[in-house]
Structures are given as structure tokens and as C-alpha cells.
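Raw contents of target_22.cif, mmCIF, C-alpha atoms and all ligand atoms:
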data_model
loop_
_atom_site.group_PDB
_atom_site.id
_atom_site.type_symbol
_atom_site.label_atom_id
_atom_site.label_comp_id
_atom_site.auth_asym_id
_atom_site.auth_seq_id
_atom_site.Cartn_x
_atom_site.Cartn_y
_atom_site.Cartn_z
ATOM 1 C CA MET A 8 83.029 -82.448 -94.406
ATOM 2 C CA LYS A 9 82.507 -85.130 -96.971
ATOM 3 C CA ILE A 10 84.889 -87.982 -96.184
ATOM 4 C CA VAL A 11 83.487 -91.179 -97.694
ATOM 5 C CA THR A 12 83.230 -93.939 -95.089
ATOM 6 C CA THR A 13 82.489 -97.678 -95.050
ATOM 7 C CA PRO A 14 80.361 -99.318 -96.402
ATOM 8 C CA ASP A 15 80.232 -96.802 -99.293
ATOM 9 C CA PRO A 16 80.946 -98.743 -102.540
ATOM 10 C CA ARG A 17 83.093 -95.867 -103.854
ATOM 11 C CA LEU A 18 85.780 -97.131 -101.473
ATOM 12 C CA ARG A 19 85.694 -100.478 -103.237
ATOM 13 C CA THR A 20 86.387 -99.480 -106.838
ATOM 14 C CA LYS A 21 89.621 -99.470 -108.800
ATOM 15 C CA CYS A 22 90.318 -95.807 -109.583
ATOM 16 C CA LYS A 23 91.146 -94.392 -113.010
ATOM 17 C CA LYS A 24 94.572 -93.269 -114.050
ATOM 18 C CA VAL A 25 95.360 -89.547 -114.336
ATOM 19 C CA ASN A 26 96.368 -88.911 -117.943
ATOM 20 C CA HIS A 27 96.373 -85.113 -118.065
ATOM 21 C CA ILE A 28 97.217 -82.853 -115.176
ATOM 22 C CA ASP A 29 94.666 -80.088 -115.606
ATOM 23 C CA ASP A 30 92.598 -77.764 -113.432
ATOM 24 C CA GLU A 31 90.255 -80.587 -112.492
ATOM 25 C CA ILE A 32 93.159 -82.617 -111.069
ATOM 26 C CA ARG A 33 94.640 -79.620 -109.244
ATOM 27 C CA GLN A 34 91.193 -78.921 -107.804
ATOM 28 C CA ILE A 35 90.918 -82.491 -106.505
ATOM 29 C CA VAL A 36 94.330 -82.192 -104.839
ATOM 30 C CA ASP A 37 93.367 -78.893 -103.175
ATOM 31 C CA ASP A 38 90.134 -80.405 -101.948
ATOM 32 C CA MET A 39 91.981 -83.422 -100.532
ATOM 33 C CA ILE A 40 94.396 -81.218 -98.579
ATOM 34 C CA LYS A 41 91.591 -78.995 -97.310
ATOM 35 C CA ASN A 42 89.506 -81.941 -96.113
ATOM 36 C CA SER A 43 92.471 -83.652 -94.435
ATOM 37 C CA LEU A 44 93.179 -80.572 -92.381
ATOM 38 C CA GLU A 45 89.518 -80.043 -91.533
ATOM 39 C CA TRP A 46 89.194 -83.625 -90.337
ATOM 40 C CA GLU A 47 92.283 -83.263 -88.180
ATOM 41 C CA LYS A 48 90.946 -80.180 -86.420
ATOM 42 C CA LYS A 49 88.069 -82.300 -85.132
ATOM 43 C CA HIS A 50 90.271 -85.200 -83.981
ATOM 44 C CA GLU A 51 92.410 -84.102 -81.098
ATOM 45 C CA PHE A 52 94.616 -87.196 -80.817
ATOM 46 C CA GLU A 53 95.068 -87.995 -84.477
ATOM 47 C CA VAL A 54 97.158 -86.674 -87.353
ATOM 48 C CA SER A 55 95.894 -86.929 -90.863
ATOM 49 C CA ALA A 56 99.004 -88.441 -92.444
ATOM 50 C CA ALA A 57 97.672 -89.078 -95.929
ATOM 51 C CA LEU A 58 94.536 -89.370 -98.020
ATOM 52 C CA ALA A 59 93.486 -91.067 -101.257
ATOM 53 C CA ALA A 60 91.099 -89.517 -103.801
ATOM 54 C CA PRO A 61 88.322 -92.148 -103.424
ATOM 55 C CA GLN A 62 88.017 -91.136 -99.764
ATOM 56 C CA LEU A 63 86.390 -87.959 -101.083
ATOM 57 C CA GLY A 64 84.511 -89.810 -103.796
ATOM 58 C CA TYR A 65 86.947 -89.004 -106.636
ATOM 59 C CA ASP A 66 87.548 -91.960 -108.920
ATOM 60 C CA ARG A 67 91.189 -91.002 -109.646
ATOM 61 C CA ARG A 68 94.618 -92.424 -108.868
ATOM 62 C CA ILE A 69 95.746 -89.586 -106.612
ATOM 63 C CA ILE A 70 97.101 -89.642 -103.069
ATOM 64 C CA ILE A 71 98.482 -86.950 -100.794
ATOM 65 C CA VAL A 72 101.091 -87.670 -98.133
ATOM 66 C CA ARG A 73 102.139 -85.387 -95.332
ATOM 67 C CA ASP A 74 105.681 -84.002 -95.298
ATOM 68 C CA ASP A 75 106.090 -84.611 -91.595
ATOM 69 C CA MET A 76 103.648 -87.141 -90.228
ATOM 70 C CA ASP A 77 104.381 -86.535 -86.556
ATOM 71 C CA ASN A 78 103.858 -82.811 -86.573
ATOM 72 C CA LYS A 79 100.408 -81.264 -86.719
ATOM 73 C CA GLU A 80 102.037 -77.836 -87.152
ATOM 74 C CA ASN A 81 103.373 -78.832 -90.539
ATOM 75 C CA ALA A 82 100.416 -78.716 -92.889
ATOM 76 C CA ASN A 83 102.359 -79.533 -96.076
ATOM 77 C CA PHE A 84 101.228 -82.432 -98.208
ATOM 78 C CA VAL A 85 102.918 -83.974 -101.231
ATOM 79 C CA PRO A 86 100.493 -85.037 -103.976
ATOM 80 C CA LEU A 87 101.399 -88.195 -105.906
ATOM 81 C CA LEU A 88 99.624 -89.157 -109.126
ATOM 82 C CA ASN A 89 99.338 -92.722 -110.432
ATOM 83 C CA PRO A 90 101.486 -94.162 -107.637
ATOM 84 C CA GLU A 91 102.560 -97.746 -108.219
ATOM 85 C CA VAL A 92 104.306 -100.277 -106.037
ATOM 86 C CA ILE A 93 107.392 -101.428 -107.935
ATOM 87 C CA LYS A 94 108.649 -103.762 -105.265
ATOM 88 C CA THR A 95 108.272 -104.569 -101.599
ATOM 89 C CA GLU A 96 111.070 -105.943 -99.459
ATOM 90 C CA GLY A 97 112.009 -106.886 -95.956
ATOM 91 C CA LYS A 98 110.269 -108.555 -93.100
ATOM 92 C CA THR A 99 106.542 -108.320 -92.534
ATOM 93 C CA LEU A 100 105.971 -105.781 -89.779
ATOM 94 C CA TYR A 101 102.836 -105.270 -87.709
ATOM 95 C CA ASP A 102 101.813 -101.779 -86.706
ATOM 96 C CA PHE A 103 98.739 -99.669 -86.073
ATOM 97 C CA GLU A 104 96.803 -98.122 -88.912
ATOM 98 C CA GLY A 105 93.751 -95.968 -88.903
ATOM 99 C CA CYS A 106 91.761 -94.610 -91.789
ATOM 100 C CA LEU A 107 89.482 -91.602 -92.151
ATOM 101 C CA SER A 108 87.122 -93.878 -94.097
ATOM 102 C CA VAL A 109 86.928 -96.499 -91.336
ATOM 103 C CA PRO A 110 85.609 -94.520 -88.370
ATOM 104 C CA ASN A 111 86.154 -95.797 -84.819
ATOM 105 C CA TYR A 112 88.498 -98.681 -85.523
ATOM 106 C CA TYR A 113 92.250 -99.107 -85.722
ATOM 107 C CA GLY A 114 94.055 -102.209 -86.822
ATOM 108 C CA LYS A 115 97.402 -103.849 -86.246
ATOM 109 C CA VAL A 116 98.179 -104.510 -89.865
ATOM 110 C CA PRO A 117 100.921 -106.598 -91.491
ATOM 111 C CA ARG A 118 102.934 -104.796 -94.202
ATOM 112 C CA PRO A 119 106.328 -105.352 -95.786
ATOM 113 C CA ALA A 120 109.056 -103.278 -94.124
ATOM 114 C CA LYS A 121 110.139 -101.507 -97.318
ATOM 115 C CA ALA A 122 108.530 -100.416 -100.542
ATOM 116 C CA ARG A 123 109.700 -98.873 -103.777
ATOM 117 C CA ILE A 124 107.127 -96.606 -105.334
ATOM 118 C CA LYS A 125 106.909 -94.873 -108.681
ATOM 119 C CA ALA A 126 104.582 -91.902 -109.212
ATOM 120 C CA GLN A 127 104.197 -88.523 -110.885
ATOM 121 C CA THR A 128 104.306 -85.183 -109.123
ATOM 122 C CA ILE A 129 101.645 -82.554 -109.694
ATOM 123 C CA ASP A 130 104.050 -81.038 -112.280
ATOM 124 C CA GLY A 131 104.156 -84.283 -114.213
ATOM 125 C CA GLN A 132 107.674 -85.285 -113.160
ATOM 126 C CA GLU A 133 108.282 -88.962 -112.550
ATOM 127 C CA VAL A 134 109.500 -89.686 -109.035
ATOM 128 C CA ARG A 135 110.749 -92.864 -107.405
ATOM 129 C CA ILE A 136 110.524 -93.261 -103.666
ATOM 130 C CA LYS A 137 112.408 -95.787 -101.537
ATOM 131 C CA ALA A 138 110.371 -95.915 -98.384
ATOM 132 C CA ASP A 139 110.628 -97.766 -95.117
ATOM 133 C CA GLY A 140 109.083 -97.451 -91.688
ATOM 134 C CA PHE A 141 105.846 -95.544 -91.352
ATOM 135 C CA LEU A 142 106.212 -93.923 -94.777
ATOM 136 C CA ALA A 143 106.281 -97.317 -96.507
ATOM 137 C CA ARG A 144 103.219 -98.383 -94.538
ATOM 138 C CA THR A 145 101.399 -95.159 -95.365
ATOM 139 C CA LEU A 146 102.145 -95.354 -99.081
ATOM 140 C CA LEU A 147 101.005 -98.983 -99.255
ATOM 141 C CA HIS A 148 97.818 -98.120 -97.356
ATOM 142 C CA GLU A 149 97.017 -95.237 -99.732
ATOM 143 C CA ILE A 150 97.829 -97.168 -102.904
ATOM 144 C CA ASP A 151 95.526 -99.923 -101.626
ATOM 145 C CA HIS A 152 92.721 -97.334 -101.570
ATOM 146 C CA LEU A 153 93.197 -96.727 -105.311
ATOM 147 C CA ASN A 154 92.554 -100.435 -105.846
ATOM 148 C CA GLY A 155 89.491 -100.575 -103.598
ATOM 149 C CA ILE A 156 91.338 -102.232 -100.702
ATOM 150 C CA LEU A 157 91.059 -101.131 -97.054
ATOM 151 C CA PHE A 158 93.326 -101.968 -94.121
ATOM 152 C CA ILE A 159 90.534 -104.053 -92.580
ATOM 153 C CA ASP A 160 90.881 -106.485 -95.501
ATOM 154 C CA HIS A 161 94.419 -107.380 -94.359
ATOM 155 C CA ILE A 162 93.247 -108.337 -90.861
ATOM 156 C CA LYS A 163 89.926 -109.956 -91.601
ATOM 157 C CA GLY A 164 89.364 -112.830 -89.172
ATOM 158 C CA VAL A 165 92.318 -111.815 -86.975
ATOM 159 C CA LYS A 166 90.779 -111.624 -83.532
ATOM 160 C CA ASN A 167 93.368 -109.536 -81.720
ATOM 161 C CA ALA A 168 94.033 -107.036 -84.496
ATOM 162 C CA PHE A 169 91.252 -104.478 -83.917
ATOM 163 C CA PHE A 170 91.506 -101.491 -81.587
ATOM 164 C CA ARG A 171 89.807 -98.203 -80.805
ATOM 165 C CA LEU A 172 90.907 -94.940 -79.228
ATOM 166 C CA ASN A 173 89.582 -94.338 -75.740
ATOM 167 C CA ASP A 174 88.823 -90.854 -74.446
ATOM 168 C CA LYS A 175 92.417 -90.462 -73.243
ATOM 169 C CA GLY A 176 93.752 -91.124 -76.717
ATOM 170 C CA ASP A 177 95.027 -94.656 -75.983
ATOM 171 C CA LEU A 178 94.402 -97.608 -78.264
ATOM 172 C CA VAL A 179 92.445 -100.363 -76.523
ATOM 173 C CA PRO A 180 91.493 -103.803 -77.912
ATOM 174 C CA VAL A 181 88.066 -104.389 -79.401
ATOM 175 C CA ASP A 182 86.016 -107.562 -78.883
ATOM 176 C CA TYR A 183 86.245 -109.122 -82.351
ATOM 177 C CA ASP A 184 83.354 -111.559 -82.061
ATOM 178 C CA LYS A 185 81.008 -108.932 -80.687
ATOM 179 C CA GLU A 186 81.873 -105.925 -82.818
ATOM 180 C CA ILE A 187 83.776 -106.956 -85.908
ATOM 181 C CA ALA A 188 82.862 -110.474 -87.024
ATOM 182 C CA ASN A 189 79.359 -109.625 -88.258
ATOM 183 C CA ASN A 190 79.877 -105.935 -88.862
ATOM 184 C CA LYS A 191 78.154 -105.139 -92.142
ATOM 185 C CA ASP A 192 79.619 -101.638 -92.259
ATOM 186 C CA LEU A 193 83.088 -103.122 -92.422
ATOM 187 C CA TYR A 194 82.402 -106.238 -94.468
ATOM 188 C CA PRO A 195 79.124 -105.625 -96.318
ATOM 189 C CA ASP A 196 79.566 -108.462 -98.804
ATOM 190 C CA ASP A 197 79.913 -111.199 -96.229
ATOM 191 C CA GLU A 198 77.373 -113.979 -96.232
ATOM 192 C CA ASP A 199 75.490 -114.544 -92.989
HETATM 193 ZN ZN ZN A 201 92.803 -95.021 -95.466
#
Using C-alpha cells, write down the structure that the file contains.
Ligand SMILES: [Zn+2]
Amino acid sequence: MKIVTTPDPRLRTKCKKVNHIDDEIRQIVDDMIKNSLEWEKKHEFEVSAALAAPQLGYDRRIIIVRDDMDNKENANFVPLLNPEVIKTEGKTLYDFEGCLSVPNYYGKVPRPAKARIKAQTIDGQEVRIKADGFLARTLLHEIDHLNGILFIDHIKGVKNAFFRLNDKGDLVPVDYDKEIANNKDLYPDDED
């Protein structure tokens, strides 16, 4: 298991574009799928919905997104190369997000309701995706990773936005002032 977690600086870099789809790229995609499924086996209450290459330390603009995010039985992932947000639309919605690279914490994160995404498939075909709901949120979260942005950046300073899973699998609020405000794992560049 080699998921990169905060405060690793590799999560904070802007990743490089994929210009040629070769064995190296296919290898990265395979590794991403393998690690997502391995992580999930160890996390009873969670589904690994998607992953971005920098979460395994690869400095490439690659994400994988699960076919069916509510079903652990379905282990199919769709790789997307060089995904770009063309446009976001709709109301700002708040919903829970977790991240394999931010252990222990969940956040209630604001995102636009809809997003239009452009990307390439692993075969080099251009695809355009009109996403809403949890898929839009997931794609925006993963594309953020390629630009060195984490969900915690969107809720920095928001006192009631942080949660954790208890041993029953329920999300419970976290004391912001005690656990988050001066947490150098989450916000290593903050001044004291
Ligand atoms: Zn993430």
C-alpha cells in the first residue's frame, strides 16, 4: 500500500499532461486501480469512488472513476487522461467528501451542482462528460488533485465542516479548534 497522504508535498504539485499513451501510462492506470481496490478491502464502510495519479506519487494528469460508485461489487474503473473542467453550472451544493490522501477526516464541501468535463480515454479518444450529482462532485475533487488542491482547502476555517467516521460507520462532527485549526498535517504551510 503506497497511498500518498498529507502533508506529502507531492499532493501539492500541478501534474504534467499526458502527451503519449504508452506502456508507462497504462502501467500507472493499472497501479491506480489495484491500489484503490486494496485500500477498499481494508475500509469496511467506505467505497473507493475515484483516485488521482498524484495520490500514488505519479506526477501525471490521470484520474480513475468508478463505474458504479455505490456498489463495492462492481470493480470497474474508467480512466480519464488530461481531464479539464470546461464549465460549472447550477447552485452550490454541500455534501460529504473523503479522500484516501486525507486519512481520518471527512468534509462537507461546497461544489457547483453540475460540471462539464473534457478528457481523453485510455485509447486516446476525446470524451465530453456532462455530470451532476455525486459524479460532478467526484470529478471536480479528482481534477483538483491534478492541480495540487485538496478538499480541505475548500473548507479551511469553516468550523462545522469537518467530520470523522465512528466505529459504526457514521459521520460525526470534529472539534475544529482542537483538531483542525492548527493541524500541520492538513495545513503545513500555515503560519503559527
Ligand atoms: Zn482525493
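The space separating atom CA of A:Glu133 from atom CA of A:His152 comes to 20.8 Å.
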Step by step, work through what the PyMOL selection byres (((chain A and resi 127) around 12) and not hetatm) selects in the shown file, and finish by giving those residues as a PyMOL selection string. chain A and resi 24-28+68-71+85-91+124-126+128-136
Where does chain A meet ligand ZN 201 (chain A) within 7 Å, residue by residue, with the nearest atom pair and distance in Å to one decimal for each, counting only C-alpha atoms and all ligand atoms, listed by chain and rising number, as a Markdown table?
| residue | atom | partner | partner_atom | distance |
| --- | --- | --- | --- | --- |
| A:Leu58 | CA | A:ZN201 | ZN | 6.4 |
| A:Gly105 | CA | A:ZN201 | ZN | 6.7 |
| A:Cys106 | CA | A:ZN201 | ZN | 3.8 |
| A:Leu107 | CA | A:ZN201 | ZN | 5.8 |
| A:Ser108 | CA | A:ZN201 | ZN | 6.0 |
| A:His148 | CA | A:ZN201 | ZN | 6.2 |
| A:Glu149 | CA | A:ZN201 | ZN | 6.0 |
| A:His152 | CA | A:ZN201 | ZN | 6.5 |
| A:Leu157 | CA | A:ZN201 | ZN | 6.5 |
Got time to write the residues from that selection, C-alpha atoms, as a CSV table (one decimal), in the coordinates of the input?
chain,number,residue,atom,x,y,z
A,58,LEU,CA,94.5,-89.4,-98.0
A,105,GLY,CA,93.8,-96.0,-88.9
A,106,CYS,CA,91.8,-94.6,-91.8
A,107,LEU,CA,89.5,-91.6,-92.2
A,108,SER,CA,87.1,-93.9,-94.1
A,148,HIS,CA,97.8,-98.1,-97.4
A,149,GLU,CA,97.0,-95.2,-99.7
A,152,HIS,CA,92.7,-97.3,-101.6
A,157,LEU,CA,91.1,-101.1,-97.1
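Take atom CA of A:Leu147 and atom CA of A:Glu96: the distance between them is 12.2 Å.
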As an exercise, work out the distance from atom CA of A:Ile156 to atom CA of A:Arg19 in Å and give it to one decimal place. 6.4 Å
For each of A:Ile40, A:Ala138, A:Ala168, A:Val92, take the minimum atom-to-atom distance to A:Val72, counting all atoms listed in the file, then give the residue where this is smallest. A:Ile40
